[in-house]
Amino acid sequence: MVRKSDFPVFDADNHLYETRDAFTRHLPERYRSAIEYVEINGRTKIMVQGKISDYIPNPTFDVVARPGAQEEYFRKGNPEGKSYRQLIGEPMRSIPAFREPGPRLEVMDELGVDRTLMFPTLASLLEERMRDDVELTHIVIH
């Protein structure tokens with residue numbers, strides 16, 4: 001079902017999930033060890049400059065929260081004191097539209113979204129963890 005409105009719809013806060021190699025695929029050799037994925041107790045974690053980060057608990061984004069999962073929280077807060085897991089509900093397997101331009105455009109068409117600003121997810125972690133190394137931040141994000 002394709003939704004259409006009488007006016008253009010602009011989503012100013014859309015997000016994408018980066019692929020596992022998005023920040024490592026083109027790194028020059030001397031920076032290869034700046035970002036690594038490691039296995040800890042059967043879970044994949046991201047290590048930035050030798051420090052494991054839990055800021056984004058699932059940096060592969062193979063399983064994610066459902067779109068709109070935090071709507072109730074943003075509307076009403078958390079007056080019942082639910083855990084984060086309770087707030088976001090049942091997760092889902094990531095779909096191509098969460099990472100790839102073609103499938104994303106198809107979903108946008110279905111939803112009637114004409115334009116959007118796309119923001120990365122994992123990049124926010126990397127920028128924060130590399131805040132003391134501007135050159136590395138630029139190289140990784142570029």
# chains A, B, ... in the order shown; residues from 1 in each chain; ligands from 1
call {"tool": "residues_around", "arguments": {"residues": "region 24-28 of chain A", "least_positions_apart": "6", "cutoff": "10 Å", "atoms": "only C-alpha atoms", "output": "PyMOL selection string"}}
result
chain A and resi 34-36+136+139-142
call {"tool": "residues_around", "arguments": {"residues": "His15 (chain A)", "least_positions_apart": "5", "cutoff": "10 Å", "atoms": "only C-alpha atoms", "output": "PDB file with C-alpha atoms, in the first residue's frame"}}
result
ATOM      1  CA  PHE A  98      17.816  -0.189   7.000  1.00  0.00           C
ATOM      2  CA  ARG A  99      21.207  -0.163   5.222  1.00  0.00           C
ATOM      3  CA  THR A 116      14.675  12.888   4.311  1.00  0.00           C
ATOM      4  CA  LEU A 117      17.822  13.719   6.188  1.00  0.00           C
ATOM      5  CA  MET A 118      19.690  10.490   6.875  1.00  0.00           C
ATOM      6  CA  PHE A 119      21.819  10.194   9.994  1.00  0.00           C
ATOM      7  CA  PRO A 120      24.250   7.390  10.751  1.00  0.00           C
ATOM      8  CA  THR A 121      23.961   5.376  13.947  1.00  0.00           C
TER       9      THR A 121
END
call {"tool": "closest_atom_pairs", "arguments": {"of": "region 75-131 of chain A", "to": "region 47-54 of chain A", "cutoff": "9 Å", "atoms": "only C-alpha atoms", "output": "CSV"}}
result
residue,atom,partner,partner_atom,distance
A:Leu125,CA,A:Ser53,CA,8.5
A:Leu126,CA,A:Val48,CA,7.3
A:Arg129,CA,A:Val48,CA,6.8
A:Met130,CA,A:Val48,CA,7.8
call {"tool": "select_by_dssp", "arguments": {"residues": "region 13-134 of chain A", "states": "helix (DSSP H, G or I)", "output": "PyMOL selection string"}}
result
chain A and resi 29-34+71-76+84-88+96-98+101-111+122-129+134
call {"tool": "select_by_dssp", "arguments": {"residues": "chain A", "states": "strand (DSSP E or B)", "output": "ChimeraX atom specification"}}
result
/A:10-15,35-40,43-48,51-53,63-64,92-93,115-119
call {"tool": "closest_residue", "arguments": {"among": "A:Glu90, A:Asp11, A:Glu80, A:Asp6", "to": "Val63 (chain A)", "atoms": "only C-alpha atoms"}}
result
A:Glu90
call {"tool": "atom_distance", "arguments": {"atom1": "CA of Ile95 (chain A)", "atom2": "CA of Ala69 (chain A)"}}
result
15.7 Å
call {"tool": "residues_around", "arguments": {"residues": "Tyr73 (chain A)", "least_positions_apart": "4", "cutoff": "9 Å", "atoms": "only C-alpha atoms", "output": "number ranges by chain"}}
result
A: 69, 77-78, 87-88
call {"tool": "closest_residue", "arguments": {"among": "A:Asn41, A:Ser94, A:Gln86, A:Thr19", "to": "Val64 (chain A)", "atoms": "only C-alpha atoms"}}
result
A:Ser94
call {"tool": "closest_residue", "arguments": {"among": "A:Thr60, A:Thr137, A:Ser5, A:Ser83", "to": "Asp21 (chain A)", "atoms": "only C-alpha atoms"}}
result
A:Thr60
call {"tool": "residues_around", "arguments": {"residues": "Glu106 (chain A)", "least_positions_apart": "4", "cutoff": "8 Å", "atoms": "only C-alpha atoms", "output": "list in words"}}
result
Ala97, Gly102 and Glu110 of chain A
call {"tool": "write_last_selection", "arguments": {"atoms": "all heavy atoms", "output": "CSV table (one decimal), in the first residue's frame"}}
result
chain,number,residue,atom,x,y,z
A,97,ALA,N,16.4,-2.4,3.7
A,97,ALA,CA,16.0,-0.9,3.7
A,97,ALA,C,16.7,-0.2,4.9
A,97,ALA,O,16.7,1.1,4.8
A,97,ALA,CB,14.5,-0.8,3.8
A,102,GLY,N,18.6,1.7,-2.3
A,102,GLY,CA,17.4,1.3,-3.2
A,102,GLY,C,16.2,0.8,-2.3
A,102,GLY,O,15.1,1.3,-2.5
A,110,GLU,N,6.6,3.8,-0.2
A,110,GLU,CA,5.4,3.2,0.4
A,110,GLU,C,4.8,4.0,1.6
A,110,GLU,O,3.6,4.1,1.7
A,110,GLU,CB,5.8,1.8,1.0
A,110,GLU,CG,6.1,0.8,0.0
A,110,GLU,CD,6.7,-0.5,0.6
A,110,GLU,OE1,6.6,-0.7,1.8
A,110,GLU,OE2,7.2,-1.3,-0.2
call {"tool": "atom_distance", "arguments": {"atom1": "CA of Lys4 (chain A)", "atom2": "CA of Gly112 (chain A)"}}
result
5.2 Å
call {"tool": "atom_distance", "arguments": {"atom1": "CA of Arg104 (chain A)", "atom2": "CA of Lys76 (chain A)"}}
result
29.0 Å
call {"tool": "decode", "arguments": {"residues": "region 53-123 of chain A", "atoms": "C-alpha atoms", "output": "PDB file, in the first residue's frame"}}
result
ATOM      1  CA  SER A  53      32.373  -0.086  23.848  1.00  0.00           C
ATOM      2  CA  ASP A  54      28.917  -1.043  25.062  1.00  0.00           C
ATOM      3  CA  TYR A  55      27.415   2.315  24.061  1.00  0.00           C
ATOM      4  CA  ILE A  56      25.747   0.592  21.102  1.00  0.00           C
ATOM      5  CA  PRO A  57      25.166  -2.949  22.403  1.00  0.00           C
ATOM      6  CA  ASN A  58      24.819  -4.531  18.950  1.00  0.00           C
ATOM      7  CA  PRO A  59      27.189  -2.761  16.529  1.00  0.00           C
ATOM      8  CA  THR A  60      26.452  -5.229  13.713  1.00  0.00           C
ATOM      9  CA  PHE A  61      22.764  -4.215  13.653  1.00  0.00           C
ATOM     10  CA  ASP A  62      21.748  -7.711  12.552  1.00  0.00           C
ATOM     11  CA  VAL A  63      18.953  -7.501  15.124  1.00  0.00           C
ATOM     12  CA  VAL A  64      17.435  -4.087  15.900  1.00  0.00           C
ATOM     13  CA  ALA A  65      14.513  -2.381  17.582  1.00  0.00           C
ATOM     14  CA  ARG A  66      11.412  -2.109  15.432  1.00  0.00           C
ATOM     15  CA  PRO A  67      10.822   1.271  13.754  1.00  0.00           C
ATOM     16  CA  GLY A  68       8.845   3.490  16.094  1.00  0.00           C
ATOM     17  CA  ALA A  69       9.678   1.333  19.125  1.00  0.00           C
ATOM     18  CA  GLN A  70      10.412   4.384  21.266  1.00  0.00           C
ATOM     19  CA  GLU A  71       7.350   6.383  20.233  1.00  0.00           C
ATOM     20  CA  GLU A  72       5.553   5.864  23.537  1.00  0.00           C
ATOM     21  CA  TYR A  73       8.679   6.841  25.469  1.00  0.00           C
ATOM     22  CA  PHE A  74       9.064  10.074  23.493  1.00  0.00           C
ATOM     23  CA  ARG A  75       5.374  10.874  23.972  1.00  0.00           C
ATOM     24  CA  LYS A  76       4.986  10.068  27.670  1.00  0.00           C
ATOM     25  CA  GLY A  77       8.424   9.348  29.072  1.00  0.00           C
ATOM     26  CA  ASN A  78       8.744   6.315  31.290  1.00  0.00           C
ATOM     27  CA  PRO A  79       6.385   6.853  34.239  1.00  0.00           C
ATOM     28  CA  GLU A  80       6.164   3.089  34.902  1.00  0.00           C
ATOM     29  CA  GLY A  81       9.938   2.700  35.190  1.00  0.00           C
ATOM     30  CA  LYS A  82      10.233   0.104  32.425  1.00  0.00           C
ATOM     31  CA  SER A  83      13.648  -1.258  31.486  1.00  0.00           C
ATOM     32  CA  TYR A  84      15.104  -0.259  28.128  1.00  0.00           C
ATOM     33  CA  ARG A  85      14.312  -3.750  26.777  1.00  0.00           C
ATOM     34  CA  GLN A  86      10.684  -3.385  27.916  1.00  0.00           C
ATOM     35  CA  LEU A  87      10.460   0.055  26.304  1.00  0.00           C
ATOM     36  CA  ILE A  88      11.637  -1.079  22.881  1.00  0.00           C
ATOM     37  CA  GLY A  89       9.744  -4.385  22.830  1.00  0.00           C
ATOM     38  CA  GLU A  90      10.480  -7.347  20.594  1.00  0.00           C
ATOM     39  CA  PRO A  91      13.462  -6.788  18.302  1.00  0.00           C
ATOM     40  CA  MET A  92      13.501  -7.712  14.628  1.00  0.00           C
ATOM     41  CA  ARG A  93      16.061  -8.908  12.093  1.00  0.00           C
ATOM     42  CA  SER A  94      17.514  -6.044  10.114  1.00  0.00           C
ATOM     43  CA  ILE A  95      16.128  -5.630   6.599  1.00  0.00           C
ATOM     44  CA  PRO A  96      17.923  -4.239   3.506  1.00  0.00           C
ATOM     45  CA  ALA A  97      16.005  -0.940   3.738  1.00  0.00           C
ATOM     46  CA  PHE A  98      17.816  -0.189   7.000  1.00  0.00           C
ATOM     47  CA  ARG A  99      21.207  -0.163   5.222  1.00  0.00           C
ATOM     48  CA  GLU A 100      20.827   0.122   1.446  1.00  0.00           C
ATOM     49  CA  PRO A 101      19.662   3.124  -0.632  1.00  0.00           C
ATOM     50  CA  GLY A 102      17.446   1.283  -3.157  1.00  0.00           C
ATOM     51  CA  PRO A 103      15.317  -0.603  -0.634  1.00  0.00           C
ATOM     52  CA  ARG A 104      15.182   2.529   1.582  1.00  0.00           C
ATOM     53  CA  LEU A 105      13.727   4.552  -1.285  1.00  0.00           C
ATOM     54  CA  GLU A 106      11.096   1.843  -1.848  1.00  0.00           C
ATOM     55  CA  VAL A 107      10.027   2.027   1.813  1.00  0.00           C
ATOM     56  CA  MET A 108       9.973   5.825   1.681  1.00  0.00           C
ATOM     57  CA  ASP A 109       7.698   5.633  -1.374  1.00  0.00           C
ATOM     58  CA  GLU A 110       5.397   3.186   0.447  1.00  0.00           C
ATOM     59  CA  LEU A 111       5.210   5.528   3.439  1.00  0.00           C
ATOM     60  CA  GLY A 112       4.734   8.632   1.310  1.00  0.00           C
ATOM     61  CA  VAL A 113       7.992  10.252   2.451  1.00  0.00           C
ATOM     62  CA  ASP A 114       9.316  12.542  -0.282  1.00  0.00           C
ATOM     63  CA  ARG A 115      12.619  13.653   1.234  1.00  0.00           C
ATOM     64  CA  THR A 116      14.675  12.888   4.311  1.00  0.00           C
ATOM     65  CA  LEU A 117      17.822  13.719   6.188  1.00  0.00           C
ATOM     66  CA  MET A 118      19.690  10.490   6.875  1.00  0.00           C
ATOM     67  CA  PHE A 119      21.819  10.194   9.994  1.00  0.00           C
ATOM     68  CA  PRO A 120      24.250   7.390  10.751  1.00  0.00           C
ATOM     69  CA  THR A 121      23.961   5.376  13.947  1.00  0.00           C
ATOM     70  CA  LEU A 122      27.372   3.876  14.706  1.00  0.00           C
ATOM     71  CA  ALA A 123      29.188   7.037  13.593  1.00  0.00           C
TER      72      ALA A 123
END
